Amino acid sequence: MTRRNSKKRMGILLASGLVVLFTLLIFGISCYQSTPAPTPSPTPTITEVEISGFAFVPATITIPVGTAVTWFNKDSVAHTVSSREGVFDSGNLSGRATFSYTFAQNGSFEYYCKIHPYMNGEVIVE
Ligand SMILES: [Cu+2]
């Protein structure tokens with residue numbers, strides 16, 4: 001083996017090393033650029049219903065089984081949160097008062113205010 005040959009070898013080694021380095025760099029950049037946009041997190045379950053302006057807001061909510069829902073009476077007058085099937089009934093809920101109920105069964109639960117029967121709401125339990 002001549003001295004020249006070993007120099008050539010060193011050159012090839014260096015060149016291939018550079019190629020590997022360059023490839024890694026390109027790969028790294030492309031990986032960085034192709035990072036997928038973060039998947040939108042699922043909309044959180046609404047478990048709080050406001051009683052505001054003689055209405056349940058939101059009027060309809062969808063929750064998983066076993067979820068507790070809290071109604072918060074933001075009006076200054078009394079309301080009730082009364083299931084149409086008699087599953088739950090808050091009784092008179094004075095202004096600023098809250099009522100909670102845990103839905104252990106799935107189904108659709110319609111409710112209303114006994115004082116103002118035109119106030120309607122629904123809890124869908126999935
Ligand atoms: Cu009412």
# chains A, B, ... in the order shown; residues from 1 in each chain; ligands from 1

$ residues_near_ligand --ligand "ligand 1" --cutoff "7 Å" --atoms "only C-alpha atoms and all ligand atoms" --output "ChimeraX atom specification"
/A:54,78-80,113-116,119

$ write_last_selection --atoms "N, CA, C and O atoms" --output "CSV table (one decimal), in the first residue's frame"
chain,number,residue,atom,x,y,z
A,54,PHE,N,-84.1,33.6,32.5
A,54,PHE,CA,-85.3,32.7,32.4
A,54,PHE,C,-85.0,31.6,31.3
A,54,PHE,O,-85.9,31.3,30.5
A,78,ALA,N,-86.3,32.7,41.8
A,78,ALA,CA,-86.2,31.3,42.0
A,78,ALA,C,-86.6,30.5,40.7
A,78,ALA,O,-87.5,30.9,40.0
A,79,HIS,N,-85.9,29.4,40.5
A,79,HIS,CA,-86.3,28.5,39.4
A,79,HIS,C,-86.2,27.1,39.9
A,79,HIS,O,-85.7,26.8,41.0
A,80,THR,N,-86.7,26.1,39.1
A,80,THR,CA,-86.4,24.7,39.5
A,80,THR,C,-85.8,24.0,38.3
A,80,THR,O,-85.9,24.5,37.2
A,113,CYS,N,-88.5,24.1,34.2
A,113,CYS,CA,-88.7,24.9,35.4
A,113,CYS,C,-90.2,24.8,35.8
A,113,CYS,O,-91.0,25.2,35.0
A,114,LYS,N,-90.5,24.3,37.0
A,114,LYS,CA,-91.9,24.2,37.4
A,114,LYS,C,-92.5,25.6,37.6
A,114,LYS,O,-93.8,25.7,37.5
A,115,ILE,N,-91.7,26.6,37.9
A,115,ILE,CA,-92.3,27.9,38.1
A,115,ILE,C,-92.5,28.6,36.8
A,115,ILE,O,-93.5,29.4,36.6
A,116,HIS,N,-91.6,28.4,35.8
A,116,HIS,CA,-91.8,28.9,34.5
A,116,HIS,C,-91.7,27.8,33.5
A,116,HIS,O,-90.6,27.5,32.9
A,119,MET,N,-89.5,27.2,30.3
A,119,MET,CA,-88.1,27.0,30.4
A,119,MET,C,-87.8,25.5,30.2
A,119,MET,O,-88.1,24.7,31.1

$ residues_around --residues "A:Gly66" --least-positions-apart "6" --cutoff "7 Å" --atoms "only C-alpha atoms" --output "number ranges by chain"
A: 102-104

$ write_last_selection --atoms "C-alpha atoms" --output "compact mmCIF listing (two decimals), in the first residue's frame"
# COMPACT_ATOMS: atom_id res chain seq x y z
CA THR A 102 -75.08 12.75 38.64
CA PHE A 103 -76.38 10.88 35.61
CA ALA A 104 -75.69 7.18 36.18

$ atom_distance --atom1 "atom CA of A:Ser41" --atom2 "atom CA of A:Phe72"
26.6 Å

$ atom_distance --atom1 "atom CA of A:Ser76" --atom2 "atom CA of A:Val125"
29.4 Å

$ residues_around --residues "A:Thr70" --least-positions-apart "3" --cutoff "10 Å" --atoms "only C-alpha atoms" --output "PDB file with N, CA and C atoms, in the first residue's frame"
ATOM      1  N   ILE A  46     -69.293  19.904  28.548  1.00  0.00           N
ATOM      2  CA  ILE A  46     -69.912  20.947  29.375  1.00  0.00           C
ATOM      3  C   ILE A  46     -70.715  20.249  30.476  1.00  0.00           C
ATOM      4  N   THR A  47     -70.387  20.567  31.715  1.00  0.00           N
ATOM      5  CA  THR A  47     -71.097  19.941  32.830  1.00  0.00           C
ATOM      6  C   THR A  47     -71.775  20.993  33.706  1.00  0.00           C
ATOM      7  N   GLU A  48     -71.731  22.238  33.239  1.00  0.00           N
ATOM      8  CA  GLU A  48     -72.354  23.304  34.016  1.00  0.00           C
ATOM      9  C   GLU A  48     -73.380  24.026  33.146  1.00  0.00           C
ATOM     10  N   VAL A  49     -74.581  24.144  33.671  1.00  0.00           N
ATOM     11  CA  VAL A  49     -75.656  24.828  32.944  1.00  0.00           C
ATOM     12  C   VAL A  49     -76.032  26.065  33.743  1.00  0.00           C
ATOM     13  N   GLU A  50     -76.048  27.168  33.068  1.00  0.00           N
ATOM     14  CA  GLU A  50     -76.454  28.411  33.731  1.00  0.00           C
ATOM     15  C   GLU A  50     -77.952  28.599  33.585  1.00  0.00           C
ATOM     16  N   THR A  67     -71.482  11.350  34.795  1.00  0.00           N
ATOM     17  CA  THR A  67     -71.074  12.747  34.936  1.00  0.00           C
ATOM     18  C   THR A  67     -72.064  13.514  35.808  1.00  0.00           C
ATOM     19  N   ASN A  73     -78.072  28.978  39.209  1.00  0.00           N
ATOM     20  CA  ASN A  73     -79.109  29.980  38.974  1.00  0.00           C
ATOM     21  C   ASN A  73     -78.517  31.390  39.079  1.00  0.00           C
ATOM     22  N   THR A  98     -77.096  26.679  43.525  1.00  0.00           N
ATOM     23  CA  THR A  98     -76.713  25.648  42.559  1.00  0.00           C
ATOM     24  C   THR A  98     -77.411  24.331  42.890  1.00  0.00           C
ATOM     25  N   PHE A  99     -77.498  23.499  41.883  1.00  0.00           N
ATOM     26  CA  PHE A  99     -78.064  22.157  42.042  1.00  0.00           C
ATOM     27  C   PHE A  99     -77.232  21.219  41.189  1.00  0.00           C
ATOM     28  N   SER A 100     -76.870  20.058  41.773  1.00  0.00           N
ATOM     29  CA  SER A 100     -76.082  19.078  41.022  1.00  0.00           C
ATOM     30  C   SER A 100     -76.799  17.738  40.978  1.00  0.00           C
ATOM     31  N   TYR A 101     -76.626  17.057  39.869  1.00  0.00           N
ATOM     32  CA  TYR A 101     -77.189  15.712  39.732  1.00  0.00           C
ATOM     33  C   TYR A 101     -76.226  14.886  38.894  1.00  0.00           C
ATOM     34  N   THR A 102     -75.964  13.652  39.373  1.00  0.00           N
ATOM     35  CA  THR A 102     -75.075  12.748  38.640  1.00  0.00           C
ATOM     36  C   THR A 102     -75.912  11.776  37.816  1.00  0.00           C
TER      37      THR A 102
END

$ atom_distance --atom1 "atom CA of A:Val65" --atom2 "atom CA of A:Gln105"
6.0 Å

$ select_by_dssp --residues "stretch 29-68 of chain A" --states "alpha helix (DSSP H)" --output "JSON, numbers by chain"
{"A": [29, 30, 31, 32, 33]}

$ closest_residue --among "A:Leu93, A:Val57, A:Ala37, A:Ile124" --to "A:Val77" --atoms "only C-alpha atoms"
A:Leu93

$ closest_residue --among "A:Tyr112, A:Glu126, A:Ile63, A:Asp75" --to "A:Asp89" --atoms "only C-alpha atoms"
A:Tyr112

$ closest_residue --among "A:Pro40, A:Val69, A:Ala97, A:Ser90" --to "A:Glu122" --atoms "only C-alpha atoms"
A:Val69

$ closest_residue --among "A:Arg96, A:Ser83, A:Phe56, A:Gly91" --to "A:Phe109" --atoms "only C-alpha atoms"
A:Ser83
